[in-house]
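Source file: run_28.json; contents: JSON, C-alpha atoms and all ligand atoms.
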```
[["chain", "number", "residue", "atom", "x", "y", "z"],
["C", 1, "MET", "CA", 39.49, 21.45, -22.65],
["C", 2, "LYS", "CA", 36.11, 19.90, -21.93],
["C", 3, "LYS", "CA", 33.79, 20.22, -24.90],
["C", 4, "THR", "CA", 30.20, 21.01, -23.96],
["C", 5, "ASN", "CA", 27.28, 20.01, -26.07],
["C", 6, "LEU", "CA", 25.24, 23.20, -25.90],
["C", 7, "SER", "CA", 22.06, 21.36, -26.90],
["C", 8, "ASP", "CA", 22.11, 19.84, -23.39],
["C", 9, "PHE", "CA", 20.84, 23.08, -21.87],
["C", 10, "ASP", "CA", 18.89, 23.22, -18.63],
["C", 11, "ASN", "CA", 15.23, 23.79, -19.52],
["C", 12, "LYS", "CA", 14.73, 25.74, -16.30],
["C", 13, "THR", "CA", 17.08, 28.47, -17.50],
["C", 14, "VAL", "CA", 15.09, 29.13, -20.68],
["C", 15, "PRO", "CA", 12.53, 31.98, -20.51],
["C", 16, "ASN", "CA", 8.92, 31.28, -21.43],
["C", 17, "GLY", "CA", 8.28, 32.72, -24.88],
["C", 18, "LYS", "CA", 4.54, 33.42, -24.70],
["C", 19, "GLY", "CA", 4.01, 36.78, -26.42],
["C", 20, "TYR", "CA", 7.40, 36.68, -28.15],
["C", 21, "ARG", "CA", 7.29, 37.10, -31.96],
["C", 22, "ILE", "CA", 10.11, 35.31, -33.73],
["C", 23, "GLY", "CA", 11.24, 34.95, -37.34],
["C", 24, "VAL", "CA", 13.06, 31.85, -38.55],
["C", 25, "VAL", "CA", 14.87, 32.18, -41.87],
["C", 26, "ALA", "CA", 16.43, 29.06, -43.37],
["C", 27, "ALA", "CA", 18.60, 28.59, -46.46],
["C", 28, "GLU", "CA", 17.52, 26.10, -49.12],
["C", 29, "TRP", "CA", 21.09, 24.95, -49.77],
["C", 30, "ASN", "CA", 21.92, 21.65, -48.01],
["C", 31, "PRO", "CA", 18.25, 21.07, -47.08],
["C", 32, "GLU", "CA", 18.92, 17.79, -45.23],
["C", 33, "VAL", "CA", 20.77, 19.96, -42.72],
["C", 34, "THR", "CA", 18.80, 23.21, -42.73],
["C", 35, "ASP", "CA", 15.38, 21.49, -42.62],
["C", 36, "ALA", "CA", 16.42, 19.57, -39.48],
["C", 37, "MET", "CA", 17.76, 22.75, -37.89],
["C", 38, "CYS", "CA", 14.62, 24.68, -38.81],
["C", 39, "LYS", "CA", 12.39, 21.98, -37.30],
["C", 40, "GLY", "CA", 14.56, 21.88, -34.19],
["C", 41, "ALA", "CA", 14.25, 25.65, -33.82],
["C", 42, "VAL", "CA", 10.48, 25.79, -34.32],
["C", 43, "ASP", "CA", 9.81, 22.78, -32.04],
["C", 44, "THR", "CA", 11.95, 24.34, -29.31],
["C", 45, "LEU", "CA", 10.17, 27.70, -29.57],
["C", 46, "ARG", "CA", 6.80, 25.93, -29.29],
["C", 47, "GLU", "CA", 8.00, 23.82, -26.32],
["C", 48, "HIS", "CA", 8.92, 27.05, -24.55],
["C", 49, "GLY", "CA", 5.60, 28.76, -24.99],
["C", 50, "VAL", "CA", 5.91, 30.70, -28.25],
["C", 51, "LEU", "CA", 2.51, 30.69, -29.98],
["C", 52, "LYS", "CA", 2.28, 29.24, -33.48],
["C", 53, "LYS", "CA", 0.84, 32.51, -34.82],
["C", 54, "ASP", "CA", 3.89, 34.37, -33.50],
["C", 55, "ILE", "CA", 6.43, 32.30, -35.48],
["C", 56, "THR", "CA", 7.18, 33.32, -39.08],
["C", 57, "VAL", "CA", 9.23, 30.86, -41.16],
["C", 58, "LEU", "CA", 10.85, 32.02, -44.40],
["C", 59, "ARG", "CA", 13.11, 30.24, -46.87],
["C", 60, "VAL", "CA", 15.88, 31.90, -48.85],
["C", 61, "PRO", "CA", 17.95, 30.42, -51.70],
["C", 62, "GLY", "CA", 21.29, 30.30, -49.88],
["C", 63, "THR", "CA", 23.09, 31.29, -46.70],
["C", 64, "PHE", "CA", 24.30, 34.48, -48.37],
["C", 65, "GLU", "CA", 20.67, 35.70, -48.58],
["C", 66, "LEU", "CA", 20.06, 35.36, -44.82],
["C", 67, "THR", "CA", 21.26, 38.92, -44.26],
["C", 68, "THR", "CA", 18.76, 40.48, -46.65],
["C", 69, "ALA", "CA", 15.90, 38.38, -45.34],
["C", 70, "ALA", "CA", 16.68, 39.24, -41.71],
["C", 71, "ASP", "CA", 16.80, 42.93, -42.62],
["C", 72, "LEU", "CA", 13.50, 42.73, -44.52],
["C", 73, "LEU", "CA", 11.77, 40.94, -41.65],
["C", 74, "LEU", "CA", 12.98, 43.41, -39.06],
["C", 75, "SER", "CA", 12.10, 46.38, -41.29],
["C", 76, "ARG", "CA", 8.59, 45.26, -42.21],
["C", 77, "THR", "CA", 7.27, 43.30, -39.24],
["C", 78, "GLN", "CA", 7.05, 43.65, -35.48],
["C", 79, "ILE", "CA", 9.16, 40.60, -34.67],
["C", 80, "ASP", "CA", 11.40, 40.54, -31.60],
["C", 81, "ALA", "CA", 14.24, 38.42, -33.02],
["C", 82, "VAL", "CA", 15.31, 36.46, -36.11],
["C", 83, "ILE", "CA", 16.96, 33.05, -36.08],
["C", 84, "CYS", "CA", 19.06, 32.65, -39.24],
["C", 85, "ILE", "CA", 19.76, 29.07, -40.31],
["C", 86, "GLY", "CA", 22.26, 28.07, -42.96],
["C", 87, "CYS", "CA", 24.86, 25.46, -43.80],
["C", 88, "VAL", "CA", 27.98, 26.21, -45.80],
["C", 89, "ILE", "CA", 30.22, 23.30, -46.79],
["C", 90, "GLN", "CA", 33.80, 23.84, -47.89],
["C", 91, "GLY", "CA", 34.16, 23.10, -51.62],
["C", 92, "GLU", "CA", 36.99, 23.38, -54.11],
["C", 93, "THR", "CA", 36.78, 27.14, -54.56],
["C", 94, "ARG", "CA", 36.93, 30.15, -52.25],
["C", 95, "HIS", "CA", 33.16, 30.65, -52.31],
["C", 96, "PHE", "CA", 32.98, 29.24, -48.77],
["C", 97, "GLU", "CA", 35.15, 32.01, -47.35],
["C", 98, "PHE", "CA", 33.20, 34.79, -49.03],
["C", 99, "ILE", "CA", 29.81, 33.46, -47.94],
["C", 100, "CYS", "CA", 30.92, 32.86, -44.32],
["C", 101, "GLN", "CA", 32.55, 36.27, -44.05],
["C", 102, "ALA", "CA", 29.62, 38.08, -45.65],
["C", 103, "VAL", "CA", 26.91, 36.40, -43.59],
["C", 104, "SER", "CA", 28.64, 36.68, -40.23],
["C", 105, "GLN", "CA", 29.39, 40.37, -40.78],
["C", 106, "GLY", "CA", 26.04, 40.99, -42.46],
["C", 107, "LEU", "CA", 23.96, 39.51, -39.64],
["C", 108, "THR", "CA", 25.95, 41.44, -37.07],
["C", 109, "ASN", "CA", 25.26, 44.66, -38.96],
["C", 110, "VAL", "CA", 21.52, 43.90, -39.17],
["C", 111, "ALA", "CA", 21.33, 43.21, -35.43],
["C", 112, "VAL", "CA", 23.03, 46.49, -34.60],
["C", 113, "LYS", "CA", 21.02, 48.46, -37.18],
["C", 114, "HIS", "CA", 17.70, 47.29, -35.71],
["C", 115, "SER", "CA", 18.80, 46.83, -32.08],
["C", 116, "ARG", "CA", 17.24, 43.37, -32.18],
["C", 117, "PRO", "CA", 18.73, 39.92, -31.66],
["C", 118, "VAL", "CA", 19.78, 38.21, -34.89],
["C", 119, "ILE", "CA", 20.86, 34.67, -34.15],
["C", 120, "PHE", "CA", 23.70, 33.09, -36.10],
["C", 121, "SER", "CA", 22.65, 29.46, -36.57],
["C", 122, "VAL", "CA", 24.95, 28.96, -39.54],
["C", 123, "LEU", "CA", 27.09, 25.85, -39.78],
["C", 124, "THR", "CA", 30.43, 26.35, -41.53],
["C", 125, "CYS", "CA", 31.80, 22.85, -42.05],
["C", 126, "ASP", "CA", 34.48, 20.98, -43.96],
["C", 127, "THR", "CA", 32.23, 17.99, -44.63],
["C", 128, "MET", "CA", 28.54, 17.10, -44.83],
["C", 129, "GLN", "CA", 29.04, 14.63, -41.95],
["C", 130, "GLN", "CA", 30.21, 17.45, -39.67],
["C", 131, "ALA", "CA", 27.05, 19.36, -40.57],
["C", 132, "LEU", "CA", 24.73, 16.38, -40.00],
["C", 133, "ASP", "CA", 26.42, 15.79, -36.63],
["C", 134, "ARG", "CA", 25.25, 19.30, -35.65],
["C", 135, "ALA", "CA", 21.75, 19.10, -37.13],
["C", 136, "GLY", "CA", 20.31, 16.49, -34.80],
["C", 137, "GLY", "CA", 23.33, 14.16, -34.70],
["C", 138, "ARG", "CA", 26.00, 13.51, -32.10],
["C", 139, "HIS", "CA", 26.77, 17.19, -31.52],
["C", 140, "GLY", "CA", 23.17, 18.20, -30.95],
["C", 141, "ASN", "CA", 21.08, 20.51, -33.09],
["C", 142, "LYS", "CA", 22.29, 24.06, -33.61],
["C", 143, "GLY", "CA", 18.77, 25.10, -34.62],
["C", 144, "VAL", "CA", 17.60, 24.15, -31.13],
["C", 145, "GLU", "CA", 20.44, 26.17, -29.65],
["C", 146, "GLY", "CA", 19.52, 29.12, -31.86],
["C", 147, "ALA", "CA", 15.96, 29.02, -30.52],
["C", 148, "VAL", "CA", 17.15, 28.97, -26.92],
["C", 149, "THR", "CA", 19.50, 31.86, -27.65],
["C", 150, "ALA", "CA", 16.67, 33.87, -29.22],
["C", 151, "LEU", "CA", 14.43, 33.33, -26.16],
["C", 152, "LYS", "CA", 17.22, 34.40, -23.82],
["C", 153, "MET", "CA", 18.04, 37.49, -25.87],
["C", 154, "ILE", "CA", 14.42, 38.63, -26.16],
["C", 155, "HIS", "CA", 14.07, 38.19, -22.40],
["C", 156, "LEU", "CA", 17.19, 40.32, -21.95],
["C", 157, "ASP", "CA", 15.84, 42.97, -24.34],
["C", 158, "ARG", "CA", 12.51, 43.16, -22.49],
["C", 159, "ASN", "CA", 14.05, 43.21, -19.02],
["C", 160, "ILE", "CA", 17.29, 45.10, -19.48],
["C", 161, "GLU", "CA", 16.22, 48.08, -17.39],
["C", 162, "TYR", "CA", 15.62, 45.76, -14.41],
["C", 163, "GLU", "CA", 18.89, 43.91, -14.88],
["C", 164, "LEU", "CA", 21.23, 46.89, -15.02],
["C", 165, "PRO", "CA", 22.98, 47.59, -11.70],
["C", 166, "PHE", "CA", 22.29, 51.36, -11.76],
["Q", 1, "LIG", "C1", 26.97, 29.35, -54.32],
["Q", 1, "LIG", "C2", 26.91, 28.62, -53.02],
["Q", 1, "LIG", "C3", 27.89, 27.65, -52.71],
["Q", 1, "LIG", "C4", 29.02, 27.33, -53.62],
["Q", 1, "LIG", "N1", 27.83, 26.96, -51.57],
["Q", 1, "LIG", "C5", 26.81, 27.19, -50.70],
["Q", 1, "LIG", "C6", 26.73, 26.47, -49.49],
["Q", 1, "LIG", "O1", 27.53, 25.57, -49.16],
["Q", 1, "LIG", "N2", 25.70, 26.77, -48.65],
["Q", 1, "LIG", "C7", 24.77, 27.75, -48.94],
["Q", 1, "LIG", "O2", 23.87, 27.98, -48.12],
["Q", 1, "LIG", "N3", 24.84, 28.44, -50.09],
["Q", 1, "LIG", "C8", 25.82, 28.18, -50.98],
["Q", 1, "LIG", "N4", 25.88, 28.87, -52.14],
["Q", 1, "LIG", "C9", 24.78, 29.82, -52.49],
["Q", 1, "LIG", "C10", 24.98, 31.23, -51.87],
["Q", 1, "LIG", "O3", 24.65, 31.22, -50.48],
["Q", 1, "LIG", "C11", 24.03, 32.24, -52.57],
["Q", 1, "LIG", "O4", 22.72, 31.75, -52.55],
["Q", 1, "LIG", "C12", 24.42, 32.50, -54.01],
["Q", 1, "LIG", "O5", 25.78, 32.91, -54.10],
["Q", 1, "LIG", "C13", 23.52, 33.61, -54.65],
["Q", 1, "LIG", "O6", 23.68, 34.85, -53.94]]
```
Could the structure of this file be written out as structure tokens, please?
Ligand code: DLZ
Amino acid sequence: MKKTNLSDFDNKTVPNGKGYRIGVVAAEWNPEVTDAMCKGAVDTLREHGVLKKDITVLRVPGTFELTTAADLLLSRTQIDAVICIGCVIQGETRHFEFICQAVSQGLTNVAVKHSRPVIFSVLTCDTMQQALDRAGGRHGNKGVEGAVTALKMIHLDRNIEYELPF
């Protein structure tokens, strides 16, 4: 199967984000990874027209806390979407499994609860090298991809009545 590097997206397919309000929440764990993803996300939003004043960046202690932060942001602000950035590396204990399970289910629940896009930019890797490869390395930057996904989902949200066939 051909593997596609999703960071090689076609710029022409990305909606302009002027007027979109977007939250970016990044975990402090593994900062060499999450900082690069966060920068990739914010730079991509700016390149696609999102105004600086419309981007809110928050930090949380770890990936597990992304769910609460996304819920707080969507409850207390008028943002259109949240990009959640984290990096979980497999260690010697089962912590990895619990965090990955909790955050993937938790972010899904928050998205459905608020009917707003919550983007899962969480790396779940066996090694730090795998994570670095996906945070601006040879497999692109998953923060950039999260930003593109957020723009596409907000566009969908704002235009869904025009896109439905009936
Ligand atoms: C405790 C923990 C461990 C072991 N590993 C990671 C990790 O690889 N990546 C990450 O973002 N966070 C990790 N954490 C911290 C948890 O996400 C969380 O912050 C704590 O369990 C407190 O709720």
Notebook entry, point to check: Which residue out of C:Arg94, C:Arg134, C:Arg158, C:Arg59 has the minimum interatomic distance to C:Gly23 when only C-alpha atoms are used?
Noted result: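 Selected residue with least distance to C:Gly23: C:Arg59.
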Note to self: As an exercise, work out the distance from atom CA of C:Ser115 to atom CA of C:Asp80 in Å and give it to one decimal place.
What the structure shows: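 Those two atoms sit 9.7 Å apart.
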Checklist line | Protein and nucleic acid residues within 7 Å of ligand LIG 1 (chain Q) (only C-alpha atoms and all ligand atoms) as a PyMOL selection string | finding: chain C and resi 27-30+61-65+86-91+95-96+99
Kindly export the residues of the current selection with C-alpha atoms, as a CSV table (one decimal), in the frame of the given file.
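What follows is the written file selection-v6.csv:
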```
chain,number,residue,atom,x,y,z
C,27,ALA,CA,18.6,28.6,-46.5
C,28,GLU,CA,17.5,26.1,-49.1
C,29,TRP,CA,21.1,25.0,-49.8
C,30,ASN,CA,21.9,21.6,-48.0
C,61,PRO,CA,18.0,30.4,-51.7
C,62,GLY,CA,21.3,30.3,-49.9
C,63,THR,CA,23.1,31.3,-46.7
C,64,PHE,CA,24.3,34.5,-48.4
C,65,GLU,CA,20.7,35.7,-48.6
C,86,GLY,CA,22.3,28.1,-43.0
C,87,CYS,CA,24.9,25.5,-43.8
C,88,VAL,CA,28.0,26.2,-45.8
C,89,ILE,CA,30.2,23.3,-46.8
C,90,GLN,CA,33.8,23.8,-47.9
C,91,GLY,CA,34.2,23.1,-51.6
C,95,HIS,CA,33.2,30.6,-52.3
C,96,PHE,CA,33.0,29.2,-48.8
C,99,ILE,CA,29.8,33.5,-47.9
```
Margin query: Could you list, as a ChimeraX atom specification, every residue within 9 Å of C:Gly106, counting all atoms listed in the file and ignoring same-chain residues fewer than 4 positions away?
Written below: /C:64,66-68,101-102,110-111
Next, the residues of the selection above should be written as a compact mmCIF listing (two decimals), keeping the file's coordinate frame with C-alpha atoms.
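Output (part04.txt):
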```
# COMPACT_ATOMS: atom_id res chain seq x y z
CA PHE C 64 24.30 34.48 -48.37
CA LEU C 66 20.06 35.36 -44.82
CA THR C 67 21.26 38.92 -44.26
CA THR C 68 18.76 40.48 -46.65
CA GLN C 101 32.55 36.27 -44.05
CA ALA C 102 29.62 38.08 -45.65
CA VAL C 110 21.52 43.90 -39.17
CA ALA C 111 21.33 43.21 -35.43
```
Centre, edges in Å (one decimal): axis-aligned box, stretch 18-31 of chain C, 4 Å padding on all six sides, as AutoDock Vina command-line options:
```
--center_x 13.0 --center_y 29.1 --center_z -37.2 --size_x 25.9 --size_y 24.0 --size_z 33.1
```
Check: C:Ile85, C:Glu47, C:Ile55, C:Val103: which is nearest C:Gly146, counting all atoms listed in the file?
Finding: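 Using all atoms listed in the file, C:Gly146 sits closest to C:Ile85.
Residue nearest C:His48 within the list C:Ala69, C:Leu132, C:Leu164, C:Val14: C:Val14 [criterion: smallest interatomic distance, all atoms listed in the file].
We find atom CA of C:Gly19 and atom CA of C:Asn141 to be spaced 24.5 Å apart.
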Next item on the list: Quick one: pull the distance between atom CA of C:Gly17 and atom CA of C:Val60, Å, one decimal.
Entry: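 Result for atom CA of C:Gly17 versus atom CA of C:Val60: 25.2 Å, one decimal.
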Checklist line | For C:Ile79: contacts at 8 Å, only C-alpha atoms, fewer than 2 positions along chain excluded, given as a list in words | finding: Tyr20, Arg21, Ile22, Gly23, Leu73, Leu74, Thr77, Ala81 and Val82 of chain C
Check: Pick the closest to C:Ser75 from C:Arg46, C:Lys39, C:Lys53, C:Arg116: which is it, counting all atoms listed in the file?
Finding: C:Arg116
Next item on the list: Could you give me, as a ChimeraX atom specification, the residues that sit within 12 Å of (18.9, 20.9, -38.3) in the file's coordinates, counting only C-alpha atoms?
Entry: /C:7,26-27,30-44,84-87,121-123,130-147
Next item on the list: Tell me, as a ChimeraX atom specification, which residues lie within 9 Å of C:Thr108, counting all atoms listed in the file; anything in the same chain fewer than 6 positions away does not count.
Entry: /C:67,118-120
Would you fill out stretch 51-62 of chain C with all heavy atoms and return it as a CSV table (one decimal), in the frame of the given file?
```
chain,number,residue,atom,x,y,z
C,51,LEU,N,3.7,31.1,-29.3
C,51,LEU,CA,2.5,30.7,-30.0
C,51,LEU,C,2.8,30.5,-31.5
C,51,LEU,O,3.6,31.2,-32.0
C,51,LEU,CB,1.4,31.8,-29.8
C,51,LEU,CG,1.0,32.1,-28.3
C,51,LEU,CD1,0.0,33.2,-28.3
C,51,LEU,CD2,0.5,30.8,-27.7
C,52,LYS,N,2.1,29.5,-32.0
C,52,LYS,CA,2.3,29.2,-33.5
C,52,LYS,C,2.1,30.5,-34.3
C,52,LYS,O,2.9,30.7,-35.3
C,52,LYS,CB,1.2,28.2,-33.9
C,52,LYS,CG,1.6,27.4,-35.1
C,52,LYS,CD,0.6,26.3,-35.3
C,52,LYS,CE,0.9,25.5,-36.6
C,52,LYS,NZ,-0.1,24.5,-36.9
C,53,LYS,N,1.1,31.3,-34.0
C,53,LYS,CA,0.8,32.5,-34.8
C,53,LYS,C,2.0,33.5,-34.7
C,53,LYS,O,2.0,34.5,-35.5
C,53,LYS,CB,-0.5,33.1,-34.4
C,53,LYS,CG,-0.4,33.8,-33.0
C,53,LYS,CD,-1.7,34.6,-32.7
C,53,LYS,CE,-1.7,35.3,-31.4
C,53,LYS,NZ,-0.7,36.3,-31.2
C,54,ASP,N,2.8,33.4,-33.7
C,54,ASP,CA,3.9,34.4,-33.5
C,54,ASP,C,5.2,33.9,-34.1
C,54,ASP,O,6.3,34.5,-33.9
C,54,ASP,CB,4.1,34.6,-32.0
C,54,ASP,CG,2.9,35.4,-31.4
C,54,ASP,OD1,2.3,36.2,-32.2
C,54,ASP,OD2,2.6,35.3,-30.2
C,55,ILE,N,5.2,32.8,-34.8
C,55,ILE,CA,6.4,32.3,-35.5
C,55,ILE,C,6.3,32.4,-37.0
C,55,ILE,O,5.3,31.9,-37.6
C,55,ILE,CB,6.7,30.8,-35.1
C,55,ILE,CG1,6.8,30.6,-33.6
C,55,ILE,CG2,8.0,30.3,-35.8
C,55,ILE,CD1,6.9,29.2,-33.2
C,56,THR,N,7.2,33.2,-37.6
C,56,THR,CA,7.2,33.3,-39.1
C,56,THR,C,8.4,32.6,-39.7
C,56,THR,O,9.5,32.9,-39.3
C,56,THR,CB,7.3,34.8,-39.5
C,56,THR,OG1,6.2,35.5,-38.8
C,56,THR,CG2,7.3,35.0,-41.0
C,57,VAL,N,8.1,31.6,-40.5
C,57,VAL,CA,9.2,30.9,-41.2
C,57,VAL,C,9.4,31.3,-42.6
C,57,VAL,O,8.4,31.3,-43.4
C,57,VAL,CB,9.0,29.3,-41.1
C,57,VAL,CG1,10.1,28.6,-41.7
C,57,VAL,CG2,8.8,28.9,-39.6
C,58,LEU,N,10.6,31.6,-43.0
C,58,LEU,CA,10.8,32.0,-44.4
C,58,LEU,C,12.0,31.2,-44.9
C,58,LEU,O,12.9,30.8,-44.2
C,58,LEU,CB,11.3,33.5,-44.5
C,58,LEU,CG,10.3,34.6,-44.1
C,58,LEU,CD1,11.0,35.9,-44.3
C,58,LEU,CD2,9.1,34.5,-44.9
C,59,ARG,N,12.0,30.9,-46.2
C,59,ARG,CA,13.1,30.2,-46.9
C,59,ARG,C,13.8,31.2,-47.8
C,59,ARG,O,13.1,32.0,-48.4
C,59,ARG,CB,12.6,29.1,-47.7
C,59,ARG,CG,11.9,28.0,-47.0
C,59,ARG,CD,12.8,27.1,-46.3
C,59,ARG,NE,12.0,26.2,-45.4
C,59,ARG,CZ,12.5,25.3,-44.6
C,59,ARG,NH1,13.8,25.0,-44.7
C,59,ARG,NH2,11.8,24.6,-43.8
C,60,VAL,N,15.1,31.1,-47.9
C,60,VAL,CA,15.9,31.9,-48.8
C,60,VAL,C,16.8,30.9,-49.7
C,60,VAL,O,17.1,29.8,-49.2
C,60,VAL,CB,16.7,33.0,-48.2
C,60,VAL,CG1,15.9,34.1,-47.5
C,60,VAL,CG2,17.7,32.4,-47.1
C,61,PRO,N,17.2,31.4,-50.9
C,61,PRO,CA,18.0,30.4,-51.7
C,61,PRO,C,19.2,29.9,-51.0
C,61,PRO,O,19.5,28.7,-51.0
C,61,PRO,CB,18.3,31.3,-52.9
C,61,PRO,CG,17.2,32.3,-53.0
C,61,PRO,CD,16.9,32.6,-51.6
C,62,GLY,N,20.0,30.8,-50.5
C,62,GLY,CA,21.3,30.3,-49.9
C,62,GLY,C,21.6,31.1,-48.6
C,62,GLY,O,21.0,32.1,-48.3
```
